[in-house]
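Enquirer: One structure, pasted below without further comment.
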Amino acid sequence: MQLRGLERWISLLRLIAFPFVFAAVAFASYPPGWEPWAWVTTGAFFVGSCAFYLLARSNLGARHQFSQSLVAQIFDTVIVTSFVMVFAFERGLPVQQILYIDLAAACVRFGIIGGLILAAVSAPILAVFVDLRVNHLHQAYTWKLVAFQTGLEVLMALIVGWLVQRLAEEGSRAEARAEEAERLHQAEQKTVAELRRLSALRADFVSLVSHEVRTPMAAVIGSARTLQQRWPDLTNEQRDAFLALIADETDRLAALVGEVLDTSRIDSGTFSYTFGEVELAGLVNETVATAELARASVHITASVPPDLPIVLGDSARLRQVLTNLIDNAVKYSPEGAPVEVRAAAVNGHAMIEVVDTGSGIAAEDQRLIFEKFGRVRGTASKPGTGLGLYIARAIAEAHGGTLEVSSDPGHGSTFALTLPIRKDD
Ligand code: ADP
């Protein structure tokens, strides 16, 4: 990129210099036979300048920057050398000093090395130049000019070359800093987006919880008041219905409070476990039976091999996970849809899968549902807090296991709880 910009700039400078060169060549008075050489050099300078100008702006120039700069440097040196020789006869004209410009270009292109190489190349050029001048002007040959200018050129190469390298270093440091800043900026944006998402989830949660609390409370208060005020007028069945409603709604409230408490304990690291040997087959069968008893209209099948290995775990917590998965499978499936619970031992792990044929979960929501308060928008009409799977996964992980979902949206979901089997089994 830097060499490319530089070549563009130098190619423009050549074109700007051309009219001055042309005027100098046109108005000089030459010894016999020298003028054609001057015009050939001017012509070559013009053609080369145009060619490099076009090349610097083409795609070809963009691709081979180093070779382009090298060829351009050789071209400049040849043209400058030719002009130095052509004007050697001009007494008092320090024409050899245009080699300094060539040297400066070499430093800018290739740093100290470029400058030193050019200083070395220009020493014999200067020697020939002095020889030509001696012949034309009949002076005595002197090495002073060659030594003096070459010495100056070496110094210039060291100073300008150092400056150029310093600038290049600064440039790449600034570039690295800009990249770092860009990276930090992107990371910051990601964090801000994540924080926004979490705060939106929390806001949803507040409105959800207030709704989740108010609805059962209203039902409980309403039923209790009705029972209190109209007890004598109510039939036994009506009283039973109100009492059942109160029991169900208080259960719902207790579950909600339990989930909120569990979550805060998980977050503060005080969620406790009582580990022991858990006979998984029995645990799965009992949980399924309890879940089925609670809902007459739901058909839950359990396929559990009797020789399912023993795992080390907290049976109450594991039951809580399984109950949550079965509750969800029922809740997010159409009325009466079947739910299947399968258990098996695979690759040193016990795996319990809860399979439903309900609404399913889109791939982009499958991370969200395991987050605190994470609920899929389409299922928001169902009661819930979005805490169940967060708690369930935390319990699975505390057992050294995993809880994952796979789903075919519209056709159902499979939640898989994997637990490590005890080593001696
Ligand atoms: P809750 O059910 O109280 O909302 P969960 O953490 O148990 O909270 O579930 C989080 C979300 O995951 C649910 O709101 C629902 O959108 C989605 N979900 C969970 N289980 C299923 C399932 N079996 N089928 C479809 N969606 C489900």
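Letters A, B, ... go to the chains of the structure tokens in the order shown; residues in each chain start at 1; ligands are counted from 1 in the same order.
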Please produce, as a Markdown table, a per-residue contact table for chain A versus ligand 1 (criterion: any atom at most 7 Å away, only C-alpha atoms and all ligand atoms considered), showing the nearest atom pair and its distance in Å to one decimal, sorted by chain then residue number.
Expert:
| residue | atom | partner | partner_atom_place_in_ligand_line | distance |
| --- | --- | --- | --- | --- |
| A:Asn324 | CA | ligand 1 | 7 (O) | 6.3 |
| A:Leu325 | CA | ligand 1 | 20 (N) | 6.7 |
| A:Asn328 | CA | ligand 1 | 20 (N) | 4.5 |
| A:Ala329 | CA | ligand 1 | 23 (N) | 3.8 |
| A:Tyr332 | CA | ligand 1 | 24 (N) | 4.7 |
| A:Ser333 | CA | ligand 1 | 24 (N) | 6.7 |
| A:Asp356 | CA | ligand 1 | 23 (N) | 6.3 |
| A:Gly358 | CA | ligand 1 | 24 (N) | 5.8 |
| A:Ser359 | CA | ligand 1 | 25 (C) | 5.2 |
| A:Gly360 | CA | ligand 1 | 25 (C) | 4.5 |
| A:Ile361 | CA | ligand 1 | 25 (C) | 5.3 |
| A:Ile369 | CA | ligand 1 | 12 (O) | 4.4 |
| A:Phe370 | CA | ligand 1 | 6 (O) | 6.2 |
| A:Phe373 | CA | ligand 1 | 6 (O) | 6.9 |
| A:Gly374 | CA | ligand 1 | 10 (C) | 5.6 |
| A:Arg375 | CA | ligand 1 | 14 (O) | 3.7 |
| A:Val376 | CA | ligand 1 | 16 (O) | 3.8 |
| A:Arg377 | CA | ligand 1 | 16 (O) | 6.7 |
| A:Thr379 | CA | ligand 1 | 16 (O) | 4.9 |
| A:Ala380 | CA | ligand 1 | 14 (O) | 6.4 |
| A:Pro383 | CA | ligand 1 | 3 (O) | 6.6 |
| A:Gly384 | CA | ligand 1 | 3 (O) | 3.1 |
| A:Thr385 | CA | ligand 1 | 3 (O) | 3.9 |
| A:Gly386 | CA | ligand 1 | 8 (O) | 3.2 |
| A:Leu387 | CA | ligand 1 | 6 (O) | 4.3 |
| A:Gly388 | CA | ligand 1 | 6 (O) | 3.7 |
| A:Leu389 | CA | ligand 1 | 6 (O) | 3.6 |
| A:Tyr390 | CA | ligand 1 | 6 (O) | 5.7 |
| A:Gly412 | CA | ligand 1 | 24 (N) | 6.5 |
| A:Ser413 | CA | ligand 1 | 23 (N) | 5.6 |
Enquirer: Take the selection from the previous step and output its residues with N, CA and C atoms, as a JSON list (two decimals), in the first residue's frame.
Expert:
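File written: result-v1.json
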[["chain", "number", "residue", "atom", "x", "y", "z"],
["A", 324, "ASN", "N", -39.55, -31.22, 35.46],
["A", 324, "ASN", "CA", -39.60, -29.99, 34.66],
["A", 324, "ASN", "C", -39.65, -30.32, 33.17],
["A", 325, "LEU", "N", -38.83, -31.29, 32.74],
["A", 325, "LEU", "CA", -38.81, -31.64, 31.31],
["A", 325, "LEU", "C", -40.15, -32.23, 30.87],
["A", 328, "ASN", "N", -42.82, -29.47, 30.78],
["A", 328, "ASN", "CA", -42.66, -28.66, 29.57],
["A", 328, "ASN", "C", -43.19, -29.40, 28.35],
["A", 329, "ALA", "N", -42.84, -30.70, 28.26],
["A", 329, "ALA", "CA", -43.26, -31.49, 27.10],
["A", 329, "ALA", "C", -44.78, -31.49, 26.99],
["A", 332, "TYR", "N", -46.05, -27.59, 26.25],
["A", 332, "TYR", "CA", -45.81, -27.02, 24.92],
["A", 332, "TYR", "C", -46.20, -27.98, 23.80],
["A", 333, "SER", "N", -47.12, -28.93, 24.11],
["A", 333, "SER", "CA", -47.64, -29.83, 23.08],
["A", 333, "SER", "C", -49.16, -29.66, 23.04],
["A", 356, "ASP", "N", -41.22, -35.05, 22.83],
["A", 356, "ASP", "CA", -42.62, -34.65, 22.61],
["A", 356, "ASP", "C", -42.86, -34.38, 21.14],
["A", 358, "GLY", "N", -44.64, -31.65, 20.16],
["A", 358, "GLY", "CA", -45.27, -30.33, 20.27],
["A", 358, "GLY", "C", -44.71, -29.29, 19.32],
["A", 359, "SER", "N", -44.69, -28.04, 19.78],
["A", 359, "SER", "CA", -44.37, -26.91, 18.90],
["A", 359, "SER", "C", -42.92, -26.90, 18.43],
["A", 360, "GLY", "N", -42.03, -27.56, 19.17],
["A", 360, "GLY", "CA", -40.61, -27.53, 18.79],
["A", 360, "GLY", "C", -39.98, -26.18, 19.10],
["A", 361, "ILE", "N", -38.67, -26.12, 18.92],
["A", 361, "ILE", "CA", -37.95, -24.88, 19.25],
["A", 361, "ILE", "C", -37.01, -24.56, 18.10],
["A", 369, "ILE", "N", -33.38, -20.66, 25.63],
["A", 369, "ILE", "CA", -34.28, -21.31, 26.60],
["A", 369, "ILE", "C", -33.56, -21.81, 27.84],
["A", 370, "PHE", "N", -32.22, -21.98, 27.76],
["A", 370, "PHE", "CA", -31.48, -22.43, 28.94],
["A", 370, "PHE", "C", -30.97, -21.25, 29.76],
["A", 373, "PHE", "N", -34.65, -16.65, 32.68],
["A", 373, "PHE", "CA", -35.83, -15.94, 32.14],
["A", 373, "PHE", "C", -36.04, -16.16, 30.64],
["A", 374, "GLY", "N", -35.27, -17.06, 30.04],
["A", 374, "GLY", "CA", -35.35, -17.23, 28.58],
["A", 374, "GLY", "C", -36.62, -17.98, 28.19],
["A", 375, "ARG", "N", -37.46, -17.31, 27.43],
["A", 375, "ARG", "CA", -38.69, -17.95, 26.93],
["A", 375, "ARG", "C", -38.82, -17.65, 25.45],
["A", 376, "VAL", "N", -39.37, -18.58, 24.70],
["A", 376, "VAL", "CA", -39.59, -18.34, 23.28],
["A", 376, "VAL", "C", -40.84, -17.50, 23.14],
["A", 377, "ARG", "N", -40.75, -16.45, 22.28],
["A", 377, "ARG", "CA", -41.87, -15.50, 22.18],
["A", 377, "ARG", "C", -43.22, -16.17, 21.91],
["A", 379, "THR", "N", -44.39, -18.91, 22.72],
["A", 379, "THR", "CA", -45.00, -19.74, 23.77],
["A", 379, "THR", "C", -45.36, -18.91, 25.00],
["A", 380, "ALA", "N", -45.26, -17.56, 24.85],
["A", 380, "ALA", "CA", -45.45, -16.70, 26.02],
["A", 380, "ALA", "C", -46.87, -16.78, 26.59],
["A", 383, "PRO", "N", -48.36, -20.32, 30.87],
["A", 383, "PRO", "CA", -47.77, -19.84, 32.11],
["A", 383, "PRO", "C", -46.33, -20.35, 32.25],
["A", 384, "GLY", "N", -45.50, -19.56, 32.89],
["A", 384, "GLY", "CA", -44.10, -19.97, 33.05],
["A", 384, "GLY", "C", -43.22, -18.78, 33.35],
["A", 385, "THR", "N", -42.02, -19.06, 33.82],
["A", 385, "THR", "CA", -41.12, -17.98, 34.20],
["A", 385, "THR", "C", -39.84, -17.96, 33.37],
["A", 386, "GLY", "N", -39.57, -19.04, 32.64],
["A", 386, "GLY", "CA", -38.31, -19.12, 31.90],
["A", 386, "GLY", "C", -37.16, -19.48, 32.82],
["A", 387, "LEU", "N", -37.46, -20.00, 33.99],
["A", 387, "LEU", "CA", -36.38, -20.35, 34.93],
["A", 387, "LEU", "C", -36.13, -21.86, 34.99],
["A", 388, "GLY", "N", -37.17, -22.65, 34.64],
["A", 388, "GLY", "CA", -37.08, -24.11, 34.82],
["A", 388, "GLY", "C", -35.86, -24.73, 34.17],
["A", 389, "LEU", "N", -35.62, -24.43, 32.88],
["A", 389, "LEU", "CA", -34.50, -25.08, 32.18],
["A", 389, "LEU", "C", -33.16, -24.54, 32.66],
["A", 390, "TYR", "N", -33.16, -23.29, 33.11],
["A", 390, "TYR", "CA", -31.92, -22.71, 33.67],
["A", 390, "TYR", "C", -31.52, -23.52, 34.91],
["A", 412, "GLY", "N", -41.80, -31.18, 17.16],
["A", 412, "GLY", "CA", -41.49, -31.68, 18.49],
["A", 412, "GLY", "C", -40.05, -31.45, 18.91],
["A", 413, "SER", "N", -39.78, -31.78, 20.17],
["A", 413, "SER", "CA", -38.44, -31.57, 20.73],
["A", 413, "SER", "C", -38.02, -32.80, 21.51]]
Enquirer: Would you mind listing, for every residue of range 132-243 of chain A within 9 Å of range 255-267 of chain A, the two atoms forming the shortest contact and the distance between them in Å to one decimal, using only C-alpha atoms, sorted by chain and ascending residue number, as a Markdown table?
Expert:
| residue | atom | partner | partner_atom | distance |
| --- | --- | --- | --- | --- |
| A:Val209 | CA | A:Leu256 | CA | 8.3 |
| A:Glu212 | CA | A:Leu256 | CA | 7.9 |
| A:Val213 | CA | A:Leu256 | CA | 8.0 |
Enquirer: Keeping only N, CA and C atoms, write the selected residues to a file as a PDB file, in the first residue's frame.
Expert:
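Wrote again.pdb, looks like this:
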ATOM      1  N   VAL A 209     -43.527 -12.177  36.021  1.00  0.00           N
ATOM      2  CA  VAL A 209     -43.729 -12.648  37.388  1.00  0.00           C
ATOM      3  C   VAL A 209     -44.923 -11.956  38.022  1.00  0.00           C
ATOM      4  N   GLU A 212     -47.733 -13.711  36.673  1.00  0.00           N
ATOM      5  CA  GLU A 212     -47.760 -15.073  37.211  1.00  0.00           C
ATOM      6  C   GLU A 212     -48.174 -15.111  38.682  1.00  0.00           C
ATOM      7  N   VAL A 213     -47.875 -14.032  39.409  1.00  0.00           N
ATOM      8  CA  VAL A 213     -48.264 -13.998  40.818  1.00  0.00           C
ATOM      9  C   VAL A 213     -49.705 -13.529  40.952  1.00  0.00           C
TER      10      VAL A 213
END
Enquirer: If you run DSSP over the backbone, which residues in range 224-297 of chain A end up alpha helix (DSSP H)? Put them as a ChimeraX atom specification.
Expert: /A:224-230,236-268,280-294
Enquirer: What does the distance between CA of Ala344 in chain A and CA of His399 in chain A come to in Å, to one decimal place?
Expert: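 So the answer is 17.3 Å.
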Enquirer: Which distance in Å separates CA of Gly336 in chain A and CA of Val298 in chain A, to one decimal?
Expert: 5.0 Å
